[in-house]
Amino acid sequence: MDIREVVFNNRSYTPIPLIVIVLILAEPTWTSFILGAFIALSGEFLRIWGVSHAGSATRTTSGAGGNELITSGPFAIIRNPLYLGNFFITIGFAIASWAWMPWMLLVVIVLFGLQYWLIVSLEEEYLSRHFGYMYQKYKNHVPRFFPRLSPWNDRQRRSGNWREAFRSERSTLTSFITFLVVLWARWRLFS
């Protein structure tokens, strides 16, 4: 079995050990808590914006796939907005907790870099096979992780469905809020 598929299929669970460690080692301050929560919230907003354009198809957990190449919304400025959102959420959580800083930021960057290098390479193979020239054209115009300054216009006119996005992101939002509440409780009760 391809290790990339294993990582892809379990990508919702791979951050859990890191989040537990961050909570155990937490030494937050008001500044770190507020700054980290803001960065994480920015990541969650990016995810919701992306899901509003891609729909719930982004929730697949059994192999990379998709029946449509999405190039609107945040996908017009970056190819992987949901993964960039995940990165900001995790960096935000690490900063909010102020656990083992600045080394924890390095750990997050290395682990996310490895995980998403595996996942994105698998997805890009799938997209190249299934969408051929359309995907290659998109790939040539829209960067993988560093946003363009202006949206690429390929004439895909899809408006975001925010209601569906919030419904699809319910579990991520619940996890997001749970983390901040547990961190705050741990900090206030055990510091």
# chains A, B, ... in the order shown; residues from 1 in each chain; ligands from 1
call {"tool": "residues_around", "arguments": {"residues": "Gly85 (chain A)", "least_positions_apart": "6", "cutoff": "12 Å", "atoms": "only C-alpha atoms", "output": "ChimeraX atom specification"}}
result
/A:39-51,74,78-79,91-92,112,145,172
call {"tool": "write_last_selection", "arguments": {"atoms": "C-alpha atoms", "output": "PDB file, in the first residue's frame"}}
result
ATOM      1  CA  ILE A  39      -4.067  32.925  13.733  1.00  0.00           C
ATOM      2  CA  ALA A  40      -6.064  29.703  14.211  1.00  0.00           C
ATOM      3  CA  LEU A  41      -9.320  31.543  13.486  1.00  0.00           C
ATOM      4  CA  SER A  42      -7.771  32.888  10.263  1.00  0.00           C
ATOM      5  CA  GLY A  43      -6.956  29.308   9.275  1.00  0.00           C
ATOM      6  CA  GLU A  44     -10.498  28.182  10.034  1.00  0.00           C
ATOM      7  CA  PHE A  45     -11.904  31.047   7.969  1.00  0.00           C
ATOM      8  CA  LEU A  46      -9.703  29.980   5.037  1.00  0.00           C
ATOM      9  CA  ARG A  47     -10.990  26.415   5.396  1.00  0.00           C
ATOM     10  CA  ILE A  48     -14.635  27.515   5.483  1.00  0.00           C
ATOM     11  CA  TRP A  49     -14.123  29.742   2.449  1.00  0.00           C
ATOM     12  CA  GLY A  50     -12.522  26.828   0.595  1.00  0.00           C
ATOM     13  CA  VAL A  51     -15.261  24.374   1.579  1.00  0.00           C
ATOM     14  CA  PRO A  74      -9.568  30.680  -2.605  1.00  0.00           C
ATOM     15  CA  ILE A  78      -3.774  28.951  -3.977  1.00  0.00           C
ATOM     16  CA  ARG A  79      -4.170  25.280  -4.922  1.00  0.00           C
ATOM     17  CA  ILE A  91       0.458  27.047  14.290  1.00  0.00           C
ATOM     18  CA  GLY A  92      -2.192  29.143  16.043  1.00  0.00           C
ATOM     19  CA  PHE A 112       3.067  19.374   8.560  1.00  0.00           C
ATOM     20  CA  PHE A 145       1.075  26.923  -0.982  1.00  0.00           C
ATOM     21  CA  THR A 172     -13.629  21.077  12.643  1.00  0.00           C
TER      22      THR A 172
END
call {"tool": "residues_around", "arguments": {"residues": "Glu124 (chain A)", "least_positions_apart": "5", "cutoff": "12 Å", "atoms": "only C-alpha atoms", "output": "list in words"}}
result
Arg4, Ala64, Gly65, Gly66, Leu69, Arg79, Asn80, Tyr116, Trp117, Leu118, Ile119, Arg129, His130, Phe131, Gly132, Tyr135, Gln136, Tyr138, Lys139 and Arg144 of chain A
call {"tool": "write_last_selection", "arguments": {"atoms": "C-alpha atoms", "output": "mmCIF file, in the first residue's frame"}}
result
data_model
loop_
_atom_site.group_PDB
_atom_site.id
_atom_site.type_symbol
_atom_site.label_atom_id
_atom_site.label_comp_id
_atom_site.auth_asym_id
_atom_site.auth_seq_id
_atom_site.Cartn_x
_atom_site.Cartn_y
_atom_site.Cartn_z
ATOM 1 C CA ARG A 4 0.630 8.505 0.966
ATOM 2 C CA ALA A 64 -7.682 11.241 -3.128
ATOM 3 C CA GLY A 65 -10.409 12.022 -5.568
ATOM 4 C CA GLY A 66 -12.959 14.410 -6.880
ATOM 5 C CA LEU A 69 -11.575 20.666 -10.653
ATOM 6 C CA ARG A 79 -4.170 25.280 -4.922
ATOM 7 C CA ASN A 80 -4.420 23.963 -1.355
ATOM 8 C CA TYR A 116 1.241 17.499 3.341
ATOM 9 C CA TRP A 117 4.108 16.753 0.968
ATOM 10 C CA LEU A 118 2.855 13.143 0.957
ATOM 11 C CA ILE A 119 -0.822 14.100 0.667
ATOM 12 C CA ARG A 129 -4.637 11.720 -14.443
ATOM 13 C CA HIS A 130 -8.281 12.803 -14.273
ATOM 14 C CA PHE A 131 -8.161 16.388 -15.503
ATOM 15 C CA GLY A 132 -5.059 16.342 -17.727
ATOM 16 C CA TYR A 135 -5.163 20.654 -14.280
ATOM 17 C CA GLN A 136 -1.769 21.351 -15.852
ATOM 18 C CA TYR A 138 -4.335 25.456 -13.420
ATOM 19 C CA LYS A 139 -1.115 24.179 -11.845
ATOM 20 C CA ARG A 144 0.659 25.177 -4.360
#
call {"tool": "residues_around", "arguments": {"residues": "Met104 (chain A)", "least_positions_apart": "2", "cutoff": "10 Å", "atoms": "only C-alpha atoms", "output": "PDB file with C-alpha atoms, in the first residue's frame"}}
result
ATOM      1  CA  LEU A  18       0.752  16.934  18.676  1.00  0.00           C
ATOM      2  CA  ILE A  21       1.450  17.346  23.727  1.00  0.00           C
ATOM      3  CA  VAL A  22       0.804  21.068  23.199  1.00  0.00           C
ATOM      4  CA  ILE A  91       0.458  27.047  14.290  1.00  0.00           C
ATOM      5  CA  ALA A  94       0.922  26.072  19.258  1.00  0.00           C
ATOM      6  CA  ILE A  95       1.261  29.836  19.756  1.00  0.00           C
ATOM      7  CA  TRP A  98       3.044  28.716  24.172  1.00  0.00           C
ATOM      8  CA  ALA A  99       4.305  25.181  24.661  1.00  0.00           C
ATOM      9  CA  TRP A 100       8.024  24.570  24.281  1.00  0.00           C
ATOM     10  CA  MET A 101       8.551  27.724  22.232  1.00  0.00           C
ATOM     11  CA  PRO A 102      10.088  28.374  19.756  1.00  0.00           C
ATOM     12  CA  LEU A 106       9.753  24.020  14.197  1.00  0.00           C
ATOM     13  CA  VAL A 107       8.148  20.680  15.108  1.00  0.00           C
ATOM     14  CA  VAL A 108       4.806  21.801  13.619  1.00  0.00           C
ATOM     15  CA  ILE A 109       6.449  23.030  10.416  1.00  0.00           C
ATOM     16  CA  VAL A 110       8.455  19.813   9.935  1.00  0.00           C
TER      17      VAL A 110
END
call {"tool": "select_by_dssp", "arguments": {"residues": "chain A", "states": "alpha helix (DSSP H)", "output": "MDAnalysis selection string"}}
result
chainID A and resid 3:9 16:24 30:54 81:97 103:141 162:168 170:190
call {"tool": "atom_distance", "arguments": {"atom1": "CA of Glu164 (chain A)", "atom2": "CA of His53 (chain A)"}}
result
9.6 Å
call {"tool": "atom_distance", "arguments": {"atom1": "CA of Trp152 (chain A)", "atom2": "CA of Pro81 (chain A)"}}
result
14.1 Å
call {"tool": "atom_distance", "arguments": {"atom1": "CA of Leu183 (chain A)", "atom2": "CA of Ser97 (chain A)"}}
result
6.8 Å
call {"tool": "closest_residue", "arguments": {"among": "A:Val182, A:Leu84, A:Ile177, A:Arg163", "to": "Gly55 (chain A)", "atoms": "only C-alpha atoms"}}
result
A:Arg163
call {"tool": "closest_residue", "arguments": {"among": "A:Phe190, A:Phe93, A:Trp103, A:Tyr13", "to": "Phe176 (chain A)", "atoms": "only C-alpha atoms"}}
result
A:Phe93
call {"tool": "decode", "arguments": {"residues": "region 16-118 of chain A", "atoms": "C-alpha atoms", "output": "compact mmCIF listing (two decimals), in the first residue's frame"}}
result
# COMPACT_ATOMS: atom_id res chain seq x y z
CA ILE A 16 -4.06 14.65 17.65
CA PRO A 17 -0.80 13.53 19.35
CA LEU A 18 0.75 16.93 18.68
CA ILE A 19 -2.32 18.72 20.06
CA VAL A 20 -2.25 16.57 23.22
CA ILE A 21 1.45 17.35 23.73
CA VAL A 22 0.80 21.07 23.20
CA LEU A 23 -1.97 20.98 25.83
CA ILE A 24 0.23 19.09 28.32
CA LEU A 25 3.18 21.47 27.87
CA ALA A 26 1.04 24.63 27.69
CA GLU A 27 2.35 27.80 29.31
CA PRO A 28 0.12 30.44 27.72
CA THR A 29 -0.01 34.15 28.37
CA TRP A 30 -2.85 36.47 27.44
CA THR A 31 -0.80 37.69 24.49
CA SER A 32 0.02 34.19 23.21
CA PHE A 33 -3.55 33.00 23.74
CA ILE A 34 -5.13 35.90 21.84
CA LEU A 35 -2.51 35.94 19.05
CA GLY A 36 -2.69 32.16 18.62
CA ALA A 37 -6.49 32.13 18.65
CA PHE A 38 -6.51 34.86 15.97
CA ILE A 39 -4.07 32.92 13.73
CA ALA A 40 -6.06 29.70 14.21
CA LEU A 41 -9.32 31.54 13.49
CA SER A 42 -7.77 32.89 10.26
CA GLY A 43 -6.96 29.31 9.27
CA GLU A 44 -10.50 28.18 10.03
CA PHE A 45 -11.90 31.05 7.97
CA LEU A 46 -9.70 29.98 5.04
CA ARG A 47 -10.99 26.41 5.40
CA ILE A 48 -14.63 27.52 5.48
CA TRP A 49 -14.12 29.74 2.45
CA GLY A 50 -12.52 26.83 0.60
CA VAL A 51 -15.26 24.37 1.58
CA SER A 52 -17.88 26.91 0.48
CA HIS A 53 -16.49 26.57 -3.06
CA ALA A 54 -15.43 22.90 -3.09
CA GLY A 55 -18.42 21.53 -1.20
CA SER A 56 -18.38 18.53 1.10
CA ALA A 57 -16.34 16.54 -1.44
CA THR A 58 -13.31 17.76 0.51
CA ARG A 59 -14.37 15.48 3.35
CA THR A 60 -13.34 12.29 1.53
CA THR A 61 -11.35 9.89 3.69
CA SER A 62 -10.90 6.97 1.32
CA GLY A 63 -8.30 8.07 -1.17
CA ALA A 64 -7.68 11.24 -3.13
CA GLY A 65 -10.41 12.02 -5.57
CA GLY A 66 -12.96 14.41 -6.88
CA ASN A 67 -15.23 14.71 -9.86
CA GLU A 68 -14.62 18.40 -10.53
CA LEU A 69 -11.58 20.67 -10.65
CA ILE A 70 -12.37 23.62 -8.39
CA THR A 71 -10.63 26.85 -9.41
CA SER A 72 -12.87 29.52 -7.86
CA GLY A 73 -12.78 31.33 -4.53
CA PRO A 74 -9.57 30.68 -2.60
CA PHE A 75 -8.65 27.98 -5.15
CA ALA A 76 -8.06 30.84 -7.63
CA ILE A 77 -5.18 32.15 -5.51
CA ILE A 78 -3.77 28.95 -3.98
CA ARG A 79 -4.17 25.28 -4.92
CA ASN A 80 -4.42 23.96 -1.36
CA PRO A 81 -6.35 26.48 0.76
CA LEU A 82 -7.75 23.85 3.14
CA TYR A 83 -4.29 22.54 3.95
CA LEU A 84 -2.92 26.04 4.40
CA GLY A 85 -5.88 26.66 6.72
CA ASN A 86 -4.96 23.52 8.70
CA PHE A 87 -1.40 24.80 8.97
CA PHE A 88 -2.55 28.16 10.37
CA ILE A 89 -4.89 26.42 12.82
CA THR A 90 -2.09 24.22 14.15
CA ILE A 91 0.46 27.05 14.29
CA GLY A 92 -2.19 29.14 16.04
CA PHE A 93 -2.82 26.41 18.62
CA ALA A 94 0.92 26.07 19.26
CA ILE A 95 1.26 29.84 19.76
CA ALA A 96 -1.88 30.03 21.93
CA SER A 97 -0.52 27.34 24.23
CA TRP A 98 3.04 28.72 24.17
CA ALA A 99 4.30 25.18 24.66
CA TRP A 100 8.02 24.57 24.28
CA MET A 101 8.55 27.72 22.23
CA PRO A 102 10.09 28.37 19.76
CA TRP A 103 10.91 24.71 19.16
CA MET A 104 7.26 23.69 18.90
CA LEU A 105 6.88 25.90 15.83
CA LEU A 106 9.75 24.02 14.20
CA VAL A 107 8.15 20.68 15.11
CA VAL A 108 4.81 21.80 13.62
CA ILE A 109 6.45 23.03 10.42
CA VAL A 110 8.46 19.81 9.94
CA LEU A 111 5.55 17.44 10.70
CA PHE A 112 3.07 19.37 8.56
CA GLY A 113 5.62 19.72 5.79
CA LEU A 114 6.13 15.95 5.70
CA GLN A 115 2.43 15.08 5.98
CA TYR A 116 1.24 17.50 3.34
CA TRP A 117 4.11 16.75 0.97
CA LEU A 118 2.86 13.14 0.96
